[in-house]
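Structure file data-v8.pdb with PDB, C-alpha atoms and all ligand atoms:
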ATOM      1  CA  MET A   1       0.000   0.000   0.000  1.00  0.00           C
ATOM      2  CA  ILE A   2       1.282   3.440  -0.924  1.00  0.00           C
ATOM      3  CA  HIS A   3       0.149   6.397   1.174  1.00  0.00           C
ATOM      4  CA  LYS A   4      -0.185   9.776  -0.499  1.00  0.00           C
ATOM      5  CA  ARG A   5      -1.607  13.077   0.512  1.00  0.00           C
ATOM      6  CA  GLY A   6      -4.934  13.921  -1.056  1.00  0.00           C
ATOM      7  CA  TYR A   7      -8.193  15.753  -0.523  1.00  0.00           C
ATOM      8  CA  ALA A   8     -11.676  14.570   0.262  1.00  0.00           C
ATOM      9  CA  MET A   9     -14.483  15.052  -2.210  1.00  0.00           C
ATOM     10  CA  ASN A  10     -18.101  15.650  -1.399  1.00  0.00           C
ATOM     11  CA  GLY A  11     -19.785  12.664   0.245  1.00  0.00           C
ATOM     12  CA  GLU A  12     -16.677  10.645   1.026  1.00  0.00           C
ATOM     13  CA  SER A  13     -15.985   9.068   4.381  1.00  0.00           C
ATOM     14  CA  CYS A  14     -12.922   7.858   6.222  1.00  0.00           C
ATOM     15  CA  CYS A  15     -12.152   4.201   5.575  1.00  0.00           C
ATOM     16  CA  GLU A  16     -10.708   3.796   9.071  1.00  0.00           C
ATOM     17  CA  CYS A  17     -13.343   5.335  11.296  1.00  0.00           C
ATOM     18  CA  GLY A  18     -16.273   5.768   8.905  1.00  0.00           C
ATOM     19  CA  ALA A  19     -16.833   9.440   9.751  1.00  0.00           C
ATOM     20  CA  SER A  20     -17.827  11.794   6.961  1.00  0.00           C
ATOM     21  CA  LEU A  21     -15.003  13.850   5.503  1.00  0.00           C
ATOM     22  CA  ARG A  22     -15.452  17.511   4.710  1.00  0.00           C
ATOM     23  CA  GLU A  23     -15.053  18.439   1.049  1.00  0.00           C
ATOM     24  CA  GLY A  24     -11.473  19.592   0.531  1.00  0.00           C
ATOM     25  CA  GLU A  25     -10.269  18.150   3.829  1.00  0.00           C
ATOM     26  CA  ALA A  26      -6.727  16.773   3.733  1.00  0.00           C
ATOM     27  CA  VAL A  27      -6.711  12.979   3.686  1.00  0.00           C
ATOM     28  CA  VAL A  28      -4.289  10.109   3.253  1.00  0.00           C
ATOM     29  CA  GLU A  29      -5.006   8.287   0.011  1.00  0.00           C
ATOM     30  CA  MET A  30      -4.218   4.587   0.159  1.00  0.00           C
ATOM     31  CA  TRP A  31      -3.121   3.189  -3.193  1.00  0.00           C
ATOM     32  CA  SER A  32      -2.793  -0.526  -3.791  1.00  0.00           C
ATOM     33  CA  ARG A  33       0.275  -1.394  -5.797  1.00  0.00           C
ATOM     34  CA  SER A  34      -1.166  -4.674  -7.011  1.00  0.00           C
ATOM     35  CA  LEU A  35      -4.517  -3.184  -8.036  1.00  0.00           C
ATOM     36  CA  GLY A  36      -2.919  -0.008  -9.361  1.00  0.00           C
ATOM     37  CA  LYS A  37      -5.676   2.148  -7.920  1.00  0.00           C
ATOM     38  CA  MET A  38      -6.750   4.015  -4.839  1.00  0.00           C
ATOM     39  CA  VAL A  39      -8.590   1.794  -2.375  1.00  0.00           C
ATOM     40  CA  GLY A  40      -9.530   4.268   0.311  1.00  0.00           C
ATOM     41  CA  LYS A  41      -9.096   7.631   1.960  1.00  0.00           C
ATOM     42  CA  LYS A  42      -8.611   8.249   5.637  1.00  0.00           C
ATOM     43  CA  HIS A  43      -8.260  11.230   7.912  1.00  0.00           C
ATOM     44  CA  TRP A  44      -5.005  13.075   7.357  1.00  0.00           C
ATOM     45  CA  ASN A  45      -4.672  14.013  10.984  1.00  0.00           C
ATOM     46  CA  TYR A  46      -4.926  10.656  12.655  1.00  0.00           C
ATOM     47  CA  LYS A  47      -5.674  12.383  15.931  1.00  0.00           C
ATOM     48  CA  THR A  48      -9.055  13.453  14.533  1.00  0.00           C
ATOM     49  CA  CYS A  49      -9.742   9.940  13.287  1.00  0.00           C
ATOM     50  CA  LYS A  50     -12.198   8.313  15.680  1.00  0.00           C
ATOM     51  CA  ASN A  51     -10.527   4.982  15.046  1.00  0.00           C
ATOM     52  CA  ASN A  52      -7.460   6.313  16.778  1.00  0.00           C
ATOM     53  CA  LEU A  53      -9.146   7.696  19.857  1.00  0.00           C
ATOM     54  CA  LYS A  54      -8.462   4.327  21.402  1.00  0.00           C
ATOM     55  CA  ILE A  55      -4.978   5.718  21.896  1.00  0.00           C
ATOM     56  CA  GLY A  56      -6.740   7.445  24.754  1.00  0.00           C
ATOM     57  CA  ASP A  57      -4.587  10.262  25.988  1.00  0.00           C
ATOM     58  CA  LYS A  58      -5.018  13.111  23.520  1.00  0.00           C
ATOM     59  CA  GLU A  59      -2.102  14.999  25.005  1.00  0.00           C
ATOM     60  CA  MET A  60       0.289  12.182  24.215  1.00  0.00           C
ATOM     61  CA  ASN A  61       3.127  12.950  21.829  1.00  0.00           C
ATOM     62  CA  THR A  62       3.221  10.808  18.697  1.00  0.00           C
ATOM     63  CA  TYR A  63       5.575  10.456  15.779  1.00  0.00           C
ATOM     64  CA  GLU A  64       5.744   9.811  12.063  1.00  0.00           C
ATOM     65  CA  ILE A  65       8.613   8.717   9.858  1.00  0.00           C
ATOM     66  CA  VAL A  66       8.501   9.965   6.273  1.00  0.00           C
ATOM     67  CA  GLU A  67      10.603   8.667   3.390  1.00  0.00           C
ATOM     68  CA  ASP A  68      11.140  10.820   0.339  1.00  0.00           C
ATOM     69  CA  ASN A  69      12.032   9.486  -3.060  1.00  0.00           C
ATOM     70  CA  GLY A  70      15.578  10.760  -2.687  1.00  0.00           C
ATOM     71  CA  GLY A  71      16.128   8.167   0.051  1.00  0.00           C
ATOM     72  CA  GLY A  72      15.746  10.734   2.831  1.00  0.00           C
ATOM     73  CA  LEU A  73      14.209   9.423   6.032  1.00  0.00           C
ATOM     74  CA  THR A  74      12.858  11.963   8.507  1.00  0.00           C
ATOM     75  CA  LEU A  75      11.182  11.548  11.872  1.00  0.00           C
ATOM     76  CA  TYR A  76       8.648  14.106  13.131  1.00  0.00           C
ATOM     77  CA  VAL A  77       7.230  14.343  16.636  1.00  0.00           C
ATOM     78  CA  PHE A  78       3.731  15.770  17.153  1.00  0.00           C
ATOM     79  CA  ASP A  79       2.192  17.097  20.313  1.00  0.00           C
ATOM     80  CA  GLY A  80      -1.374  16.240  21.288  1.00  0.00           C
ATOM     81  CA  GLY A  81      -2.690  19.113  19.176  1.00  0.00           C
ATOM     82  CA  GLY A  82      -1.082  17.879  15.956  1.00  0.00           C
ATOM     83  CA  ASN A  83       1.749  20.416  15.983  1.00  0.00           C
ATOM     84  CA  VAL A  84       5.164  19.241  14.848  1.00  0.00           C
ATOM     85  CA  ILE A  85       7.396  19.966  17.803  1.00  0.00           C
ATOM     86  CA  ASP A  86      10.652  18.230  16.920  1.00  0.00           C
ATOM     87  CA  GLY A  87      12.223  16.273  14.114  1.00  0.00           C
ATOM     88  CA  ILE A  88      15.306  14.326  13.078  1.00  0.00           C
ATOM     89  CA  TYR A  89      16.651  14.257   9.539  1.00  0.00           C
ATOM     90  CA  ASP A  90      18.903  11.699   7.844  1.00  0.00           C
ATOM     91  CA  LEU A  91      17.725   8.643   9.756  1.00  0.00           C
ATOM     92  CA  ALA A  92      18.959   6.754   6.699  1.00  0.00           C
ATOM     93  CA  TYR A  93      22.484   7.185   8.020  1.00  0.00           C
ATOM     94  CA  ALA A  94      21.673   5.376  11.244  1.00  0.00           C
ATOM     95  CA  GLN A  95      22.785   1.798  11.836  1.00  0.00           C
ATOM     96  CA  PRO A  96      20.799  -0.677   9.719  1.00  0.00           C
ATOM     97  CA  GLY A  97      17.924  -2.014  11.801  1.00  0.00           C
ATOM     98  CA  GLU A  98      18.296   0.685  14.418  1.00  0.00           C
ATOM     99  CA  TYR A  99      14.543   1.094  14.725  1.00  0.00           C
ATOM    100  CA  ASP A 100      14.343  -2.067  16.839  1.00  0.00           C
ATOM    101  CA  GLN A 101      16.465  -0.427  19.498  1.00  0.00           C
ATOM    102  CA  VAL A 102      14.489   2.802  19.669  1.00  0.00           C
ATOM    103  CA  ARG A 103      10.897   1.737  19.043  1.00  0.00           C
ATOM    104  CA  ALA A 104      10.101   1.148  22.718  1.00  0.00           C
ATOM    105  CA  GLY A 105      11.408   4.596  23.645  1.00  0.00           C
ATOM    106  CA  LEU A 106       9.511   6.194  20.778  1.00  0.00           C
ATOM    107  CA  ALA A 107       6.312   4.460  21.882  1.00  0.00           C
ATOM    108  CA  THR A 108       6.681   5.748  25.428  1.00  0.00           C
ATOM    109  CA  ASP A 109       7.714   9.336  24.739  1.00  0.00           C
ATOM    110  CA  PRO A 110       9.137  10.187  21.314  1.00  0.00           C
ATOM    111  CA  LEU A 111      10.231  13.663  22.397  1.00  0.00           C
ATOM    112  CA  ALA A 112      12.302  12.286  25.253  1.00  0.00           C
ATOM    113  CA  GLU A 113      13.650   9.454  23.104  1.00  0.00           C
ATOM    114  CA  ILE A 114      15.041  11.718  20.385  1.00  0.00           C
ATOM    115  CA  ALA A 115      16.317  14.398  22.768  1.00  0.00           C
ATOM    116  CA  GLY A 116      19.832  12.967  22.662  1.00  0.00           C
ATOM    117  CA  TRP A 117      19.879  12.165  18.935  1.00  0.00           C
ATOM    118  CA  ASP A 118      21.894  13.979  16.291  1.00  0.00           C
ATOM    119  CA  GLY A 119      20.227  15.820  13.437  1.00  0.00           C
ATOM    120  CA  HIS A 120      17.456  17.896  14.996  1.00  0.00           C
ATOM    121  CA  ILE A 121      15.530  19.964  12.455  1.00  0.00           C
ATOM    122  CA  ASP A 122      15.544  23.716  13.092  1.00  0.00           C
ATOM    123  CA  SER A 123      11.925  24.371  12.105  1.00  0.00           C
ATOM    124  CA  PRO A 124      10.205  20.985  12.190  1.00  0.00           C
ATOM    125  CA  GLN A 125       6.696  22.316  11.574  1.00  0.00           C
ATOM    126  CA  ASP A 126       7.781  24.193   8.437  1.00  0.00           C
ATOM    127  CA  ASP A 127       9.877  21.262   7.303  1.00  0.00           C
ATOM    128  CA  TYR A 128       6.979  18.842   7.662  1.00  0.00           C
ATOM    129  CA  HIS A 129       4.676  21.097   5.689  1.00  0.00           C
ATOM    130  CA  ARG A 130       7.289  21.699   3.013  1.00  0.00           C
ATOM    131  CA  ILE A 131       7.700  17.974   2.367  1.00  0.00           C
ATOM    132  CA  THR A 132       4.076  16.939   2.659  1.00  0.00           C
ATOM    133  CA  ASN A 133       2.781  19.765   0.477  1.00  0.00           C
ATOM    134  CA  TYR A 134       3.863  17.784  -2.565  1.00  0.00           C
ATOM    135  CA  ASP A 135       1.347  15.291  -3.909  1.00  0.00           C
ATOM    136  CA  CYS A 136       3.980  12.673  -4.472  1.00  0.00           C
ATOM    137  CA  GLY A 137       7.628  11.977  -3.854  1.00  0.00           C
ATOM    138  CA  TRP A 138       7.168  11.039  -0.215  1.00  0.00           C
ATOM    139  CA  VAL A 139       5.324   8.431   1.848  1.00  0.00           C
ATOM    140  CA  ILE A 140       4.619   7.830   5.506  1.00  0.00           C
ATOM    141  CA  VAL A 141       6.459   4.605   6.334  1.00  0.00           C
ATOM    142  CA  CYS A 142       5.738   4.602  10.058  1.00  0.00           C
ATOM    143  CA  ASN A 143       2.828   6.192  11.876  1.00  0.00           C
ATOM    144  CA  ASN A 144       3.391   6.079  15.612  1.00  0.00           C
ATOM    145  CA  GLY A 145       4.730   2.539  15.538  1.00  0.00           C
ATOM    146  CA  THR A 146       2.539   1.189  12.735  1.00  0.00           C
ATOM    147  CA  LEU A 147       4.829   0.250   9.851  1.00  0.00           C
ATOM    148  CA  TYR A 148       3.905   0.350   6.172  1.00  0.00           C
ATOM    149  CA  PRO A 149       6.410  -2.054   4.602  1.00  0.00           C
ATOM    150  CA  ASP A 150       4.804  -1.947   1.151  1.00  0.00           C
ATOM    151  CA  ALA A 151       5.385   1.788   0.984  1.00  0.00           C
ATOM    152  CA  MET A 152       9.048   1.567   1.962  1.00  0.00           C
ATOM    153  CA  GLY A 153      11.960   2.216  -0.310  1.00  0.00           C
ATOM    154  CA  ALA A 154      15.472   0.916   0.254  1.00  0.00           C
ATOM    155  CA  ALA A 155      16.389   3.508   2.903  1.00  0.00           C
ATOM    156  CA  ALA A 156      13.384   2.725   5.081  1.00  0.00           C
ATOM    157  CA  GLN A 157      13.756  -1.034   4.707  1.00  0.00           C
ATOM    158  CA  LYS A 158      17.322  -0.723   5.897  1.00  0.00           C
ATOM    159  CA  TYR A 159      16.352   1.398   8.874  1.00  0.00           C
ATOM    160  CA  PHE A 160      13.411  -0.732   9.982  1.00  0.00           C
ATOM    161  CA  PHE A 161      14.494  -4.221   8.974  1.00  0.00           C
ATOM    162  CA  GLY A 162      18.270  -3.975   8.659  1.00  0.00           C
ATOM    163  CA  GLN A 163      18.342  -4.889   4.989  1.00  0.00           C
TER
HETATM  164 ZN    ZN A 201     -11.037   8.537  10.295  1.00  0.00          ZN
END

Would you mind writing the file out in structure tokens?
Ligand SMILES: [Zn+2]
Amino acid sequence: MIHKRGYAMNGESCCECGASLREGEAVVEMWSRSLGKMVGKKHWNYKTCKNNLKIGDKEMNTYEIVEDNGGGLTLYVFDGGGNVIDGIYDLAYAQPGEYDQVRAGLATDPLAEIAGWDGHIDSPQDDYHRITNYDCGWVIVCNNGTLYPDAMGAAAQKYFFGQ
């Protein structure tokens, strides 16, 4: 499955939580590689997606890892309001398979986990918007611990799976 940014059209609903989407609302389009077509749209901001309210604590920090088609791998940390509050670039230069060693820390408190890492982004909110404003050329490969292996390129596969 490939995840792309898109927009909702009139009458569409989220394939994860079933709620109606507003026309023009930012969504994640899910494209099946094998079918060669889009198979669903879901809320862009997963914190507004009712399916994700099971996470419970709305103030909890969460994170996303985005891979661009230049092999760049970037981690963004969000606060409970959906603001990007920190980020790390060039994860692709980390040790192969490093994700296994940091996933528990990221699940507990991503902001604390990355505090000691190299490569903090100066303006993470702007950086996130700059990348994700393009319709293509980037994919979310990890959404708060949920991996999307089918969307991964070589850089992400190396980071998450060591190969
Ligand atoms: Zn939803």

Original post:
Quick one: residues within 6 Å of region 136-148 of chain A, all atoms listed in the file counted, chain neighbours fewer than 3 positions away excluded, as a ChimeraX atom specification?
Top reply: /A:3,62-69,151-152

Pull C-alpha atoms from the residues just selected and write them as a compact mmCIF listing (two decimals), keeping the file's coordinate frame.
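Generated file (part10.txt):
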# COMPACT_ATOMS: atom_id res chain seq x y z
CA HIS A 3 0.15 6.40 1.17
CA THR A 62 3.22 10.81 18.70
CA TYR A 63 5.58 10.46 15.78
CA GLU A 64 5.74 9.81 12.06
CA ILE A 65 8.61 8.72 9.86
CA VAL A 66 8.50 9.96 6.27
CA GLU A 67 10.60 8.67 3.39
CA ASP A 68 11.14 10.82 0.34
CA ASN A 69 12.03 9.49 -3.06
CA ALA A 151 5.38 1.79 0.98
CA MET A 152 9.05 1.57 1.96

**OP:** Let me know the residues the PyMOL selection byres (((not hetatm)) within 12 of (chain A and resi 201)) catches in the file above, as a ChimeraX atom specification.
**Re:** /A:8,12-22,25-29,40-53

Subject >> Explicit residues for the PyMOL selection byres (((chain A and resi 99) around 10) and not hetatm) (as a PyMOL selection string) >> reply: chain A and resi 91+94-98+100-104+106+145+156+158-162

Original post:
When the PyMOL selection byres (((chain A and resi 124) around 8) and not hetatm) is applied to the file above, which residues end up in the set, as a ChimeraX atom specification?
Top reply: /A:76,84-87,121-123,125-128

Original post:
Separation of CA of Trp31 (chain A) and CA of Ile2 (chain A), in Å?
Top reply: 5.0 Å

Shell around Ile114 (chain A) at 9 Å using all atoms listed in the file, local window under 2 positions removed, as a PDB file with C-alpha atoms, keeping the file's coordinate frame:
ATOM      1  CA  ASP A  86      10.652  18.230  16.920  1.00  0.00           C
ATOM      2  CA  GLY A  87      12.223  16.273  14.114  1.00  0.00           C
ATOM      3  CA  ILE A  88      15.306  14.326  13.078  1.00  0.00           C
ATOM      4  CA  VAL A 102      14.489   2.802  19.669  1.00  0.00           C
ATOM      5  CA  GLY A 105      11.408   4.596  23.645  1.00  0.00           C
ATOM      6  CA  LEU A 106       9.511   6.194  20.778  1.00  0.00           C
ATOM      7  CA  ASP A 109       7.714   9.336  24.739  1.00  0.00           C
ATOM      8  CA  PRO A 110       9.137  10.187  21.314  1.00  0.00           C
ATOM      9  CA  LEU A 111      10.231  13.663  22.397  1.00  0.00           C
ATOM     10  CA  ALA A 112      12.302  12.286  25.253  1.00  0.00           C
ATOM     11  CA  GLY A 116      19.832  12.967  22.662  1.00  0.00           C
ATOM     12  CA  TRP A 117      19.879  12.165  18.935  1.00  0.00           C
ATOM     13  CA  ASP A 118      21.894  13.979  16.291  1.00  0.00           C
ATOM     14  CA  HIS A 120      17.456  17.896  14.996  1.00  0.00           C
TER      15      HIS A 120
END

Subject >> d(CA of Phe78 (chain A), CA of Gln157 (chain A)) in Å >> reply: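 Between CA of Phe78 (chain A) and CA of Gln157 (chain A) the gap is 23.2 Å.
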
**OP:** Fewer than 3 positions away in the same chain doesn't count, so skip those; otherwise give me all residues within 10 Å of Arg33 (chain A), counting all atoms listed in the file, as a list in words.
**Re:**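 The filter keeps Met1, Ile2, Met30, Gly36, Lys37, Met38, Asp150 and Ala151 of chain A.
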
Saved selection, atoms kept: C-alpha atoms, as a PDB file, in the coordinates of the input:
ATOM      1  CA  MET A   1       0.000   0.000   0.000  1.00  0.00           C
ATOM      2  CA  ILE A   2       1.282   3.440  -0.924  1.00  0.00           C
ATOM      3  CA  MET A  30      -4.218   4.587   0.159  1.00  0.00           C
ATOM      4  CA  GLY A  36      -2.919  -0.008  -9.361  1.00  0.00           C
ATOM      5  CA  LYS A  37      -5.676   2.148  -7.920  1.00  0.00           C
ATOM      6  CA  MET A  38      -6.750   4.015  -4.839  1.00  0.00           C
ATOM      7  CA  ASP A 150       4.804  -1.947   1.151  1.00  0.00           C
ATOM      8  CA  ALA A 151       5.385   1.788   0.984  1.00  0.00           C
TER       9      ALA A 151
END
